[in-house]
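First up is the structure itself, then whatever we jot down about it.
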Amino acid sequence: MDKVLEGVISSDHPDKVKKALIGKLLLTAGKPISSEDGKAIFTLATHWNLQGETPFIRSVGMQIFLAWGSHHKNILEEFFDIKLVLGLFRGSFTANFPNEKLVLVYLLEGLKMLRGSPCLLQIYKIVQSDALRLVQDSGSLEVCVALSSLLLEFNQCIPRDTVVKFCEELVKRMAVWKSPETDANLKNYIQNVTQVASLLGVIWKKDQAALLPSLRTVFGMISAVEVSSEPSVALASIVPQVPIDMLAVITRSVVTDPKVRDANVEVSLMRMIGWLSWPVAKNIDQWLVAFLKNLAAVQKYTLLINITKENVKKVFSRLCYPVVRNSALTVLSHMLLSFQHSPEAFHQIVGLVHEMITFLKKEDSVSSLECMGRLAELVHCLIYHHSGFPDLYEPVLEALKGLNKPTEAMVKLRLSQSAWTSQSNGLLSYHSKFLPRSETGKTGLMNLGNTCYMNSVLQALYMADEFRMKVLSYVPNGAKGILAQLQDVFAFLSHTQRTAYSPSTFLQSARPPWFTPGAQQDCSEFLKYLLDRIDEEEKARKKAQVVLAPQDQTHLPSKMAKTEQNCQDDCCTPPRKMKSAPETLSSSKCQEVPNCSVVAMSGSPSIGTANLAAVKPKHLLSPRTAAPTIIEECFGGKMISSFRCLNCGVVSIREELFTDLSLAFPEKDSHTQYGTPLEVTNENSSCDLPSNQDSAVVGVAANLVQGSPSKPTNDKLPIMRAAGTQTEDYSEQGEIPLTLDNLLSYFLAPETLHGDNKYQCDRCESLQDAERQIRISHAPSYLILTLMRFSFDIKTMRRKKIVTNVQVPSSLTLPVFSISSGDSAQNAIQETKKNYGLCAVVVHSGTSSESGHYYCYASHLPSANHHVAMETDVEEDAGKVMSEQWFLFNDSRVSYTSLDSVRNITEKFPKDTAYVLLYKRLGDMEGNLAEGKGVAEPTLRKDLLDTITKDNALYLQEQELEARSLALRQSQKACTSSTPFRDPDDDKNNPPGSCGGGGGGFNLPSNRFVF
């Protein structure tokens, strides 16, 4: 048969005729033949297949080999032996050295037909030993593809002893396989390099020891700075073969290797970014993001800045190609969201957004629509963060109309998760002074020496959204006063990249002059002083604007600068004491004013009886003529105090402004001693007034006393306020725990003034027993409640802390009484209910006001949730009212927490008690400023924004220098400490430690907090 076949091929017939004749002969391949004839046929077929002069002859040789081999396996086993395979690899089988590709294809087909035969074991060993040589000697794409096909089909042929070297050589060969210049051959090229990369993936799964050396070889080639030619994009096909669970380890090992220069890392990432346009580079986006995050974790910010600025436009342009669009958008999002210290990177592509959106809309595919949605969310986040460029952003916002717009909460979450400073570095978190930024995205405040009292107040005020926005919108003139310095603090808390901001400048200006530097202070006292300072400064500024003559208006800035400077210079003199409710009322001595109020805020003079003619009838306070200050808008409320002399029955009333209510604790037996509030009969309340007094107003004054409810609003614990008393803790006596409603009812309950606390009655011209009643006439936007926990113990002659647990509700209802000018005296008083939601709690940890520690729980208040929850029971409001995220501000540390932690803090840690509470009024226009309502932060002044931007850049440089210094120290000597580092998360559920002696909380190691 071999002679017949040879005769057909050597004939003069055309190839078409020869092909038909060979086809007929192949049909006889199943007939029995002798071993000698079979070997002759296989020899002829092998010769034609490997050394045929034309493709036709080589094709015929393979057909003959497959046809007779499939029918005569026993004869093929005798022919296809070790000697044949060695001859094929060494070139001794034929006169000329065979083509390696054809040999490998021929060998693969022979092994397939002999699969399972014992004779193959020796052949496997021959292939194992020659595989490395084939790659080293030839290394062409077609040979490596043929070898890959063979080794993928028969894994037994994969080299064992030389597997690491084999993989490294294969990677080196891939680096020189240039991609075709024409698209016609591109598909075949992609298939070939993918097959070779698949072989590497199989080897790495079987032997992981070969993975890292191979990747080091890849990195060495793509990180080479000086090369004659760029490494081939074929290397990108290796990326999908690397196990994704090895991603973090591999990228971290590269960026932390002291032998790897930054220049090499930068070049390698530049080339990897170029692979984004290569469709075979699956998972390349995850690798790039992992590299960038690890660079941020070791504070190599200069490198990150260079990489981002050089490549952001290139990555953005890849959004045009559907096959690589998702990967490119992932890398683009991380680049821009992490580049938070400056708008420079974002502004490189912001002008291209409109064109890209138009292109994607025109494409109108599933991929383009998804890309548009993600791109719109990304751009909205960046516009929110890099605000203040309306000329750049207006066209972009127009293009984004109708596309996804994330909520403010989502924006802040994405920004906090992507920031360079949010990337944790387990090594630096113990050794470096630059701790990783809180995962919450919030900024802490550095403790400058027992300044936790200030830090907790500042964080509570910062989380009051309406107040924060008003402060950030303030435009100072000339020298900085206290309000401008508070604006600086809020601006840095909003935009700094630092983990914690140092309010040292603010402390120097805002610290009350009687506060001893370095000593623990009362946060409530500081809060009152701060609000009063801000209020007085703004009033002085407004007054200066009013008194300026028209000809002086052109010099307004300089005059205002002088005014603000005067306010700043007066910080050494204690300001007028603010009117917190109990202090004001207990020391007040009201005149007999049946039909008007005595206005007394911050030392304002009282309106006596002689001034009645100047007061509008039937009104307690004249309408305000000047615009309210920020403090008045946010924290200003009004209360009406009525006094009825129990001797003559004359009723005096006065309306006062307040910024906070100080709630005293009732005596432990007050509910049994006093019972229900005093009832005042009409007979006792009759007033002997001059005939010219307005009877309607007299009725109003009387109703202020008579209109008190017959019992407190909380039925569980009816309590009365004893005049001028303080209480000790009675929670240890087994009493029912107090609620905030108890204290508020106690504050608003009628009070009898007698004994040493008698009332000076002008009608009687002597001290008389009297009854006092307090009513809220105007509810402030933010209600500040201070629990009066510190009292003076006469026995020990020391200030004592009342550690009674007070249940803090998430929602609060405040009764508000308004006085109308109607004809009926009985209908002149109208009671309404104002609903409030809890937004901040300042906690004192310790046993004395002179020691301990302050920290703050706070949340942005979503008013919509509270409107629904106001109708629920108190027991249910934990799950229905407070669904927003709570934060714990403890000096430099900021962490996530929950409302349950706020409520249960005293139960878990008895010396940690709520001290100052901040509630936000709900249901009004201000509620729309709450978190999640899409209201953007005010645009900062350019000079302040520039200051923050420069400080952010400086901070990144500081971190980078610190990281380099640490790496240098570690490369010089190993750490010799035998004491394991303590995980900072080990005590994250404990209460914050004390920042002074004798405080509460646990006794943590001294190095856990910086004082």
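Going by the structure tokens order, chains are called A, B, ..., each with residues numbered from 1, while ligands are numbered from 1 in the order shown.
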
Write out as a PyMOL selection string the residues lying within 8 Å of A:Tyr855, counting only C-alpha atoms and excluding same-chain residues fewer than 6 positions away. chain A and resi 452-453+455-456+842-844+888-891+992

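Every protein, DNA or RNA residue with an atom at most 12 Å from A:Glu226, where only C-alpha atoms count and chain neighbours fewer than 5 positions away do not, is listed here: Gly220, Met221, Pro231, Ala263, Asn264 and Val267 of chain A.
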
Keeping only N, CA, C and O atoms, write those residues as a PDB file, in the first residue's frame.
ATOM      1  N   GLY A 220       9.552  42.477  35.993  1.00  0.00           N
ATOM      2  CA  GLY A 220      10.863  42.954  35.571  1.00  0.00           C
ATOM      3  C   GLY A 220      10.856  43.502  34.160  1.00  0.00           C
ATOM      4  O   GLY A 220      11.547  44.492  33.861  1.00  0.00           O
ATOM      5  N   MET A 221      10.060  42.882  33.290  1.00  0.00           N
ATOM      6  CA  MET A 221      10.021  43.342  31.896  1.00  0.00           C
ATOM      7  C   MET A 221       9.150  44.584  31.736  1.00  0.00           C
ATOM      8  O   MET A 221       9.509  45.500  30.994  1.00  0.00           O
ATOM      9  N   PRO A 231       7.722  46.002  25.821  1.00  0.00           N
ATOM     10  CA  PRO A 231       7.271  44.610  25.953  1.00  0.00           C
ATOM     11  C   PRO A 231       5.915  44.415  25.283  1.00  0.00           C
ATOM     12  O   PRO A 231       5.063  45.306  25.303  1.00  0.00           O
ATOM     13  N   ALA A 263      10.393  54.530  40.392  1.00  0.00           N
ATOM     14  CA  ALA A 263      10.373  54.717  38.936  1.00  0.00           C
ATOM     15  C   ALA A 263       9.933  53.449  38.230  1.00  0.00           C
ATOM     16  O   ALA A 263       9.194  53.500  37.240  1.00  0.00           O
ATOM     17  N   ASN A 264      10.372  52.285  38.741  1.00  0.00           N
ATOM     18  CA  ASN A 264       9.961  51.019  38.140  1.00  0.00           C
ATOM     19  C   ASN A 264       8.483  50.752  38.353  1.00  0.00           C
ATOM     20  O   ASN A 264       7.789  50.273  37.440  1.00  0.00           O
ATOM     21  N   VAL A 267       6.521  53.037  35.910  1.00  0.00           N
ATOM     22  CA  VAL A 267       6.555  52.570  34.518  1.00  0.00           C
ATOM     23  C   VAL A 267       5.675  51.335  34.344  1.00  0.00           C
ATOM     24  O   VAL A 267       4.940  51.207  33.357  1.00  0.00           O
TER      25      VAL A 267
END

Tell me, as a ChimeraX atom specification, which residues lie within 9 Å of stretch 316-332 of chain A, counting only C-alpha atoms; anything in the same chain fewer than 5 positions away does not count. /A:273,276-279,281-286,288-289,311,337,349,352,356,359-360,367-368,371,374-375

How would the residues just picked look written out with N, CA and C atoms as a PDB file, in the first residue's frame?
ATOM      1  N   ILE A 273      -1.806  50.126  32.567  1.00  0.00           N
ATOM      2  CA  ILE A 273      -2.952  50.955  32.180  1.00  0.00           C
ATOM      3  C   ILE A 273      -3.163  50.885  30.673  1.00  0.00           C
ATOM      4  N   LEU A 276      -5.457  48.194  29.387  1.00  0.00           N
ATOM      5  CA  LEU A 276      -6.909  48.329  29.500  1.00  0.00           C
ATOM      6  C   LEU A 276      -7.603  48.237  28.145  1.00  0.00           C
ATOM      7  N   SER A 277      -6.902  48.614  27.083  1.00  0.00           N
ATOM      8  CA  SER A 277      -7.507  48.565  25.744  1.00  0.00           C
ATOM      9  C   SER A 277      -7.376  47.190  25.107  1.00  0.00           C
ATOM     10  N   TRP A 278      -6.788  46.235  25.810  1.00  0.00           N
ATOM     11  CA  TRP A 278      -6.565  44.899  25.262  1.00  0.00           C
ATOM     12  C   TRP A 278      -7.640  43.961  25.790  1.00  0.00           C
ATOM     13  N   PRO A 279      -8.455  43.371  24.928  1.00  0.00           N
ATOM     14  CA  PRO A 279      -9.610  42.592  25.406  1.00  0.00           C
ATOM     15  C   PRO A 279      -9.237  41.332  26.172  1.00  0.00           C
ATOM     16  N   ALA A 281      -7.077  41.096  28.526  1.00  0.00           N
ATOM     17  CA  ALA A 281      -6.587  41.429  29.872  1.00  0.00           C
ATOM     18  C   ALA A 281      -7.740  41.451  30.861  1.00  0.00           C
ATOM     19  N   LYS A 282      -8.381  40.325  31.036  1.00  0.00           N
ATOM     20  CA  LYS A 282      -9.476  40.232  31.998  1.00  0.00           C
ATOM     21  C   LYS A 282      -8.940  40.424  33.405  1.00  0.00           C
ATOM     22  N   ASN A 283      -9.704  41.133  34.245  1.00  0.00           N
ATOM     23  CA  ASN A 283      -9.341  41.424  35.641  1.00  0.00           C
ATOM     24  C   ASN A 283      -8.241  42.472  35.765  1.00  0.00           C
ATOM     25  N   ILE A 284      -7.801  43.070  34.654  1.00  0.00           N
ATOM     26  CA  ILE A 284      -6.728  44.060  34.760  1.00  0.00           C
ATOM     27  C   ILE A 284      -7.173  45.248  35.602  1.00  0.00           C
ATOM     28  N   ASP A 285      -8.467  45.560  35.600  1.00  0.00           N
ATOM     29  CA  ASP A 285      -8.948  46.681  36.407  1.00  0.00           C
ATOM     30  C   ASP A 285      -8.789  46.398  37.897  1.00  0.00           C
ATOM     31  N   GLN A 286      -9.041  45.152  38.289  1.00  0.00           N
ATOM     32  CA  GLN A 286      -8.881  44.808  39.701  1.00  0.00           C
ATOM     33  C   GLN A 286      -7.418  44.880  40.126  1.00  0.00           C
ATOM     34  N   LEU A 288      -5.085  46.816  38.772  1.00  0.00           N
ATOM     35  CA  LEU A 288      -4.677  48.224  38.826  1.00  0.00           C
ATOM     36  C   LEU A 288      -5.186  48.900  40.098  1.00  0.00           C
ATOM     37  N   VAL A 289      -6.436  48.668  40.433  1.00  0.00           N
ATOM     38  CA  VAL A 289      -6.998  49.270  41.644  1.00  0.00           C
ATOM     39  C   VAL A 289      -6.268  48.758  42.884  1.00  0.00           C
ATOM     40  N   ASN A 311      -2.397  59.618  33.268  1.00  0.00           N
ATOM     41  CA  ASN A 311      -3.184  58.581  32.598  1.00  0.00           C
ATOM     42  C   ASN A 311      -4.685  58.771  32.659  1.00  0.00           C
ATOM     43  N   LEU A 337     -11.902  59.364  42.347  1.00  0.00           N
ATOM     44  CA  LEU A 337     -12.455  59.450  43.700  1.00  0.00           C
ATOM     45  C   LEU A 337     -11.367  59.455  44.762  1.00  0.00           C
ATOM     46  N   ILE A 349     -10.655  65.892  32.693  1.00  0.00           N
ATOM     47  CA  ILE A 349     -11.654  65.180  31.873  1.00  0.00           C
ATOM     48  C   ILE A 349     -13.042  65.803  31.937  1.00  0.00           C
ATOM     49  N   LEU A 352     -14.612  66.831  28.799  1.00  0.00           N
ATOM     50  CA  LEU A 352     -14.877  65.767  27.831  1.00  0.00           C
ATOM     51  C   LEU A 352     -16.130  64.970  28.168  1.00  0.00           C
ATOM     52  N   MET A 356     -18.613  62.612  25.737  1.00  0.00           N
ATOM     53  CA  MET A 356     -18.718  61.178  25.997  1.00  0.00           C
ATOM     54  C   MET A 356     -20.163  60.759  26.220  1.00  0.00           C
ATOM     55  N   PHE A 359     -21.835  60.538  22.915  1.00  0.00           N
ATOM     56  CA  PHE A 359     -21.398  59.329  22.201  1.00  0.00           C
ATOM     57  C   PHE A 359     -22.111  58.085  22.731  1.00  0.00           C
ATOM     58  N   LEU A 360     -22.212  57.972  24.053  1.00  0.00           N
ATOM     59  CA  LEU A 360     -22.843  56.799  24.643  1.00  0.00           C
ATOM     60  C   LEU A 360     -24.339  56.763  24.358  1.00  0.00           C
ATOM     61  N   SER A 367     -24.610  48.175  27.201  1.00  0.00           N
ATOM     62  CA  SER A 367     -23.323  48.569  27.779  1.00  0.00           C
ATOM     63  C   SER A 367     -23.211  50.079  27.910  1.00  0.00           C
ATOM     64  N   SER A 368     -23.626  50.819  26.895  1.00  0.00           N
ATOM     65  CA  SER A 368     -23.495  52.279  26.944  1.00  0.00           C
ATOM     66  C   SER A 368     -24.428  52.899  27.972  1.00  0.00           C
ATOM     67  N   CYS A 371     -22.961  52.315  31.357  1.00  0.00           N
ATOM     68  CA  CYS A 371     -21.795  53.178  31.518  1.00  0.00           C
ATOM     69  C   CYS A 371     -22.222  54.615  31.804  1.00  0.00           C
ATOM     70  N   ARG A 374     -23.264  54.936  35.509  1.00  0.00           N
ATOM     71  CA  ARG A 374     -22.116  54.931  36.430  1.00  0.00           C
ATOM     72  C   ARG A 374     -21.278  56.201  36.290  1.00  0.00           C
ATOM     73  N   LEU A 375     -21.127  56.656  35.059  1.00  0.00           N
ATOM     74  CA  LEU A 375     -20.353  57.874  34.838  1.00  0.00           C
ATOM     75  C   LEU A 375     -21.045  59.083  35.452  1.00  0.00           C
TER      76      LEU A 375
END

Residues of stretch 171-221 of chain A in helix (DSSP H, G or I) according to DSSP, as a ChimeraX atom specification? /A:171-174,183-206,208-221

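Considering the residues A:Ser504, A:Asn757, A:Thr54, A:Ser387 and counting only C-alpha atoms, A:Leu945 has its shortest atom-to-atom contact with A:Ser387.
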
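Atom to atom, atom CA of A:Glu667 and atom CA of A:Tyr836 stand 27.0 Å apart.
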
Within 6 Å of A:Asn835 using only C-alpha atoms, minus same-chain residues under 6 positions, as a PyMOL selection string: chain A and resi 812-813+921-922

Using only N, CA, C and O atoms, please write the residues we just selected to a file, as a PDB file, in the first residue's frame.
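Saved result, selection.pdb, follows:
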ATOM      1  N   LEU A 812     -38.570  63.839  70.712  1.00  0.00           N
ATOM      2  CA  LEU A 812     -38.998  64.629  71.868  1.00  0.00           C
ATOM      3  C   LEU A 812     -40.095  65.586  71.418  1.00  0.00           C
ATOM      4  O   LEU A 812     -40.024  66.161  70.332  1.00  0.00           O
ATOM      5  N   THR A 813     -41.098  65.744  72.259  1.00  0.00           N
ATOM      6  CA  THR A 813     -42.179  66.689  71.999  1.00  0.00           C
ATOM      7  C   THR A 813     -42.095  67.824  73.008  1.00  0.00           C
ATOM      8  O   THR A 813     -42.104  67.583  74.220  1.00  0.00           O
ATOM      9  N   ARG A 921     -35.380  70.529  65.577  1.00  0.00           N
ATOM     10  CA  ARG A 921     -36.812  70.671  65.356  1.00  0.00           C
ATOM     11  C   ARG A 921     -37.184  70.091  63.994  1.00  0.00           C
ATOM     12  O   ARG A 921     -36.504  70.322  62.998  1.00  0.00           O
ATOM     13  N   LEU A 922     -38.273  69.354  63.955  1.00  0.00           N
ATOM     14  CA  LEU A 922     -38.691  68.672  62.729  1.00  0.00           C
ATOM     15  C   LEU A 922     -39.936  69.323  62.146  1.00  0.00           C
ATOM     16  O   LEU A 922     -40.660  70.035  62.829  1.00  0.00           O
TER      17      LEU A 922
END

For A:Ser129, list every protein, DNA or RNA residue within 9 Å, evaluated using only C-alpha atoms, and leave out those in the same chain fewer than 3 positions away; present the list as a VMD selection string. chain A and resid 124 to 126 132 to 133 157 159 to 162

Next, the residues of the selection above should be written as a CSV table (one decimal), in the first residue's frame with all heavy atoms.
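Final output, selection31.csv:
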chain,number,residue,atom,x,y,z
A,124,TYR,N,6.3,10.6,27.5
A,124,TYR,CA,6.1,11.8,28.4
A,124,TYR,C,7.4,12.4,28.9
A,124,TYR,O,7.6,13.6,29.0
A,124,TYR,CB,5.1,11.4,29.5
A,124,TYR,CG,3.7,11.1,29.1
A,124,TYR,CD1,2.9,10.3,29.9
A,124,TYR,CD2,3.2,11.5,27.9
A,124,TYR,CE1,1.6,9.9,29.6
A,124,TYR,CE2,1.9,11.1,27.5
A,124,TYR,CZ,1.1,10.4,28.4
A,124,TYR,OH,-0.1,10.0,28.0
A,125,LYS,N,8.2,11.5,29.4
A,125,LYS,CA,9.5,12.0,30.0
A,125,LYS,C,10.4,12.7,29.0
A,125,LYS,O,11.1,13.7,29.3
A,125,LYS,CB,10.2,10.8,30.6
A,125,LYS,CG,9.5,10.2,31.8
A,125,LYS,CD,10.3,9.0,32.4
A,125,LYS,CE,9.6,8.4,33.6
A,125,LYS,NZ,10.4,7.3,34.2
A,126,ILE,N,10.3,12.2,27.7
A,126,ILE,CA,11.1,12.8,26.7
A,126,ILE,C,10.6,14.2,26.4
A,126,ILE,O,11.4,15.2,26.3
A,126,ILE,CB,11.1,11.9,25.4
A,126,ILE,CG1,11.8,10.6,25.6
A,126,ILE,CG2,11.8,12.7,24.2
A,126,ILE,CD1,11.6,9.6,24.5
A,132,LEU,N,11.6,22.6,27.7
A,132,LEU,CA,12.3,23.9,28.0
A,132,LEU,C,13.3,24.2,26.8
A,132,LEU,O,13.4,25.4,26.4
A,132,LEU,CB,13.1,23.7,29.2
A,132,LEU,CG,14.0,24.8,29.7
A,132,LEU,CD1,13.2,26.1,29.8
A,132,LEU,CD2,14.8,24.5,31.0
A,133,ARG,N,13.9,23.2,26.2
A,133,ARG,CA,14.8,23.5,25.1
A,133,ARG,C,14.1,24.0,23.9
A,133,ARG,O,14.6,25.0,23.2
A,133,ARG,CB,15.6,22.2,24.7
A,133,ARG,CG,16.5,22.3,23.5
A,133,ARG,CD,17.0,21.0,23.0
A,133,ARG,NE,15.9,20.2,22.6
A,133,ARG,CZ,15.4,20.3,21.4
A,133,ARG,NH1,15.7,21.3,20.5
A,133,ARG,NH2,14.4,19.5,21.0
A,157,CYS,N,3.1,15.8,30.3
A,157,CYS,CA,4.3,16.2,29.6
A,157,CYS,C,4.8,17.5,30.1
A,157,CYS,O,5.9,18.0,29.7
A,157,CYS,CB,4.0,16.4,28.1
A,157,CYS,SG,3.5,14.8,27.3
A,159,PRO,N,6.9,20.0,32.2
A,159,PRO,CA,8.2,19.8,32.9
A,159,PRO,C,8.0,19.8,34.4
A,159,PRO,O,7.1,20.6,34.9
A,159,PRO,CB,9.0,20.9,32.4
A,159,PRO,CG,8.5,21.3,31.1
A,159,PRO,CD,7.0,21.1,31.2
A,160,ARG,N,8.7,19.1,35.1
A,160,ARG,CA,8.6,19.0,36.6
A,160,ARG,C,9.8,19.7,37.2
A,160,ARG,O,9.7,20.6,38.0
A,160,ARG,CB,8.5,17.6,37.1
A,160,ARG,CG,7.1,16.9,36.6
A,160,ARG,CD,7.0,15.5,37.1
A,160,ARG,NE,5.7,14.9,36.7
A,160,ARG,CZ,5.3,13.7,37.0
A,160,ARG,NH1,6.1,12.9,37.8
A,160,ARG,NH2,4.2,13.2,36.6
A,161,ASP,N,11.0,19.1,37.0
A,161,ASP,CA,12.2,19.6,37.6
A,161,ASP,C,12.5,21.0,37.2
A,161,ASP,O,13.2,21.8,37.9
A,161,ASP,CB,13.4,18.7,37.3
A,161,ASP,CG,13.1,17.3,37.9
A,161,ASP,OD1,12.4,17.2,38.9
A,161,ASP,OD2,13.7,16.3,37.4
A,162,THR,N,12.2,21.4,35.9
A,162,THR,CA,12.5,22.7,35.4
A,162,THR,C,11.2,23.6,35.2
A,162,THR,O,11.3,24.4,34.3
A,162,THR,CB,13.2,22.5,34.0
A,162,THR,OG1,12.4,21.8,33.1
A,162,THR,CG2,14.5,21.7,34.2

Could you pull the residues within 12 Å of A:Leu530, counting only C-alpha atoms, minus those fewer than 2 positions along the same chain, as a short mmCIF file (atom, residue, chain, number, x, y, z; two decimals) with N, CA and C atoms, in the first residue's frame?
data_model
loop_
_atom_site.label_atom_id
_atom_site.label_comp_id
_atom_site.auth_asym_id
_atom_site.auth_seq_id
_atom_site.Cartn_x
_atom_site.Cartn_y
_atom_site.Cartn_z
N MET A 454 -13.83 70.78 74.51
CA MET A 454 -14.01 71.60 73.32
C MET A 454 -14.28 70.73 72.10
N VAL A 457 -17.86 69.39 71.88
CA VAL A 457 -18.82 70.45 71.54
C VAL A 457 -18.71 70.81 70.06
N LEU A 458 -17.48 70.94 69.55
CA LEU A 458 -17.30 71.30 68.15
C LEU A 458 -17.88 70.23 67.22
N LEU A 461 -21.70 70.52 67.24
CA LEU A 461 -22.14 71.67 66.45
C LEU A 461 -21.93 71.42 64.96
N GLY A 481 -12.60 87.00 63.37
CA GLY A 481 -13.18 86.89 64.69
C GLY A 481 -13.42 85.44 65.02
N ILE A 482 -14.15 85.20 66.08
CA ILE A 482 -14.38 83.84 66.55
C ILE A 482 -15.22 83.06 65.55
N LEU A 483 -16.19 83.73 64.89
CA LEU A 483 -17.03 83.03 63.92
C LEU A 483 -16.22 82.60 62.70
N GLN A 485 -13.08 81.90 62.68
CA GLN A 485 -12.20 80.80 63.09
C GLN A 485 -12.98 79.51 63.24
N LEU A 486 -14.22 79.60 63.69
CA LEU A 486 -15.07 78.41 63.72
C LEU A 486 -15.33 77.93 62.30
N PHE A 506 -8.02 77.97 66.96
CA PHE A 506 -9.36 78.21 67.49
C PHE A 506 -9.36 78.17 69.01
N LEU A 507 -8.61 77.25 69.59
CA LEU A 507 -8.56 77.13 71.05
C LEU A 507 -8.03 78.40 71.69
N SER A 509 -8.34 81.39 70.74
CA SER A 509 -9.31 82.48 70.69
C SER A 509 -10.59 82.16 71.44
N ALA A 510 -10.98 80.89 71.45
CA ALA A 510 -12.29 80.53 71.98
C ALA A 510 -12.26 80.11 73.44
N ARG A 511 -11.11 79.84 73.99
CA ARG A 511 -11.05 79.40 75.38
C ARG A 511 -11.44 80.55 76.31
N PRO A 512 -12.39 80.33 77.19
CA PRO A 512 -12.76 81.38 78.15
C PRO A 512 -11.55 81.80 78.98
N PRO A 513 -11.43 83.07 79.31
CA PRO A 513 -10.23 83.55 80.03
C PRO A 513 -10.08 82.95 81.41
N CYS A 523 -17.82 71.23 79.58
CA CYS A 523 -18.15 71.45 78.17
C CYS A 523 -19.39 72.31 78.01
N SER A 524 -20.33 72.22 78.94
CA SER A 524 -21.54 73.04 78.87
C SER A 524 -21.19 74.52 79.06
N GLU A 525 -20.29 74.78 79.96
CA GLU A 525 -19.87 76.16 80.18
C GLU A 525 -19.16 76.70 78.94
N PHE A 526 -18.34 75.86 78.34
CA PHE A 526 -17.66 76.29 77.12
C PHE A 526 -18.65 76.53 75.99
N LEU A 527 -19.64 75.67 75.87
CA LEU A 527 -20.64 75.82 74.81
C LEU A 527 -21.39 77.14 74.97
N LYS A 528 -21.81 77.46 76.18
CA LYS A 528 -22.54 78.71 76.40
C LYS A 528 -21.66 79.92 76.08
N ASP A 532 -22.33 82.58 73.00
CA ASP A 532 -22.48 83.98 73.36
C ASP A 532 -21.44 84.85 72.64
N ARG A 533 -20.21 84.36 72.54
CA ARG A 533 -19.17 85.10 71.83
C ARG A 533 -19.54 85.30 70.36
N ILE A 534 -20.01 84.23 69.74
CA ILE A 534 -20.39 84.33 68.34
C ILE A 534 -21.55 85.30 68.17
N ASP A 535 -22.53 85.20 69.06
CA ASP A 535 -23.71 86.07 68.98
C ASP A 535 -23.32 87.53 69.16
N GLU A 536 -22.48 87.81 70.14
CA GLU A 536 -22.07 89.20 70.40
C GLU A 536 -21.24 89.75 69.24
N GLU A 537 -20.40 88.93 68.69
CA GLU A 537 -19.57 89.39 67.58
C GLU A 537 -20.43 89.75 66.38
N CYS A 571 -11.50 89.09 74.01
CA CYS A 571 -11.60 87.71 74.49
C CYS A 571 -10.99 87.55 75.87
N PRO A 574 -14.33 88.41 80.21
CA PRO A 574 -15.48 87.50 80.12
C PRO A 574 -16.68 88.20 79.51
N PRO A 575 -17.34 87.56 78.55
CA PRO A 575 -18.52 88.19 77.95
C PRO A 575 -19.69 88.15 78.90
N ARG A 576 -20.74 88.81 78.48
CA ARG A 576 -21.96 88.77 79.29
C ARG A 576 -22.47 87.34 79.39
N LYS A 577 -22.84 86.95 80.57
CA LYS A 577 -23.26 85.57 80.79
C LYS A 577 -24.52 85.26 80.01
N MET A 578 -24.48 84.16 79.24
CA MET A 578 -25.65 83.78 78.46
C MET A 578 -26.75 83.29 79.38
N ILE A 631 -26.78 82.55 65.69
CA ILE A 631 -27.12 81.87 66.94
C ILE A 631 -28.60 81.97 67.21
N THR A 659 -30.81 80.13 74.82
CA THR A 659 -30.14 79.27 73.83
C THR A 659 -30.00 77.85 74.32
#
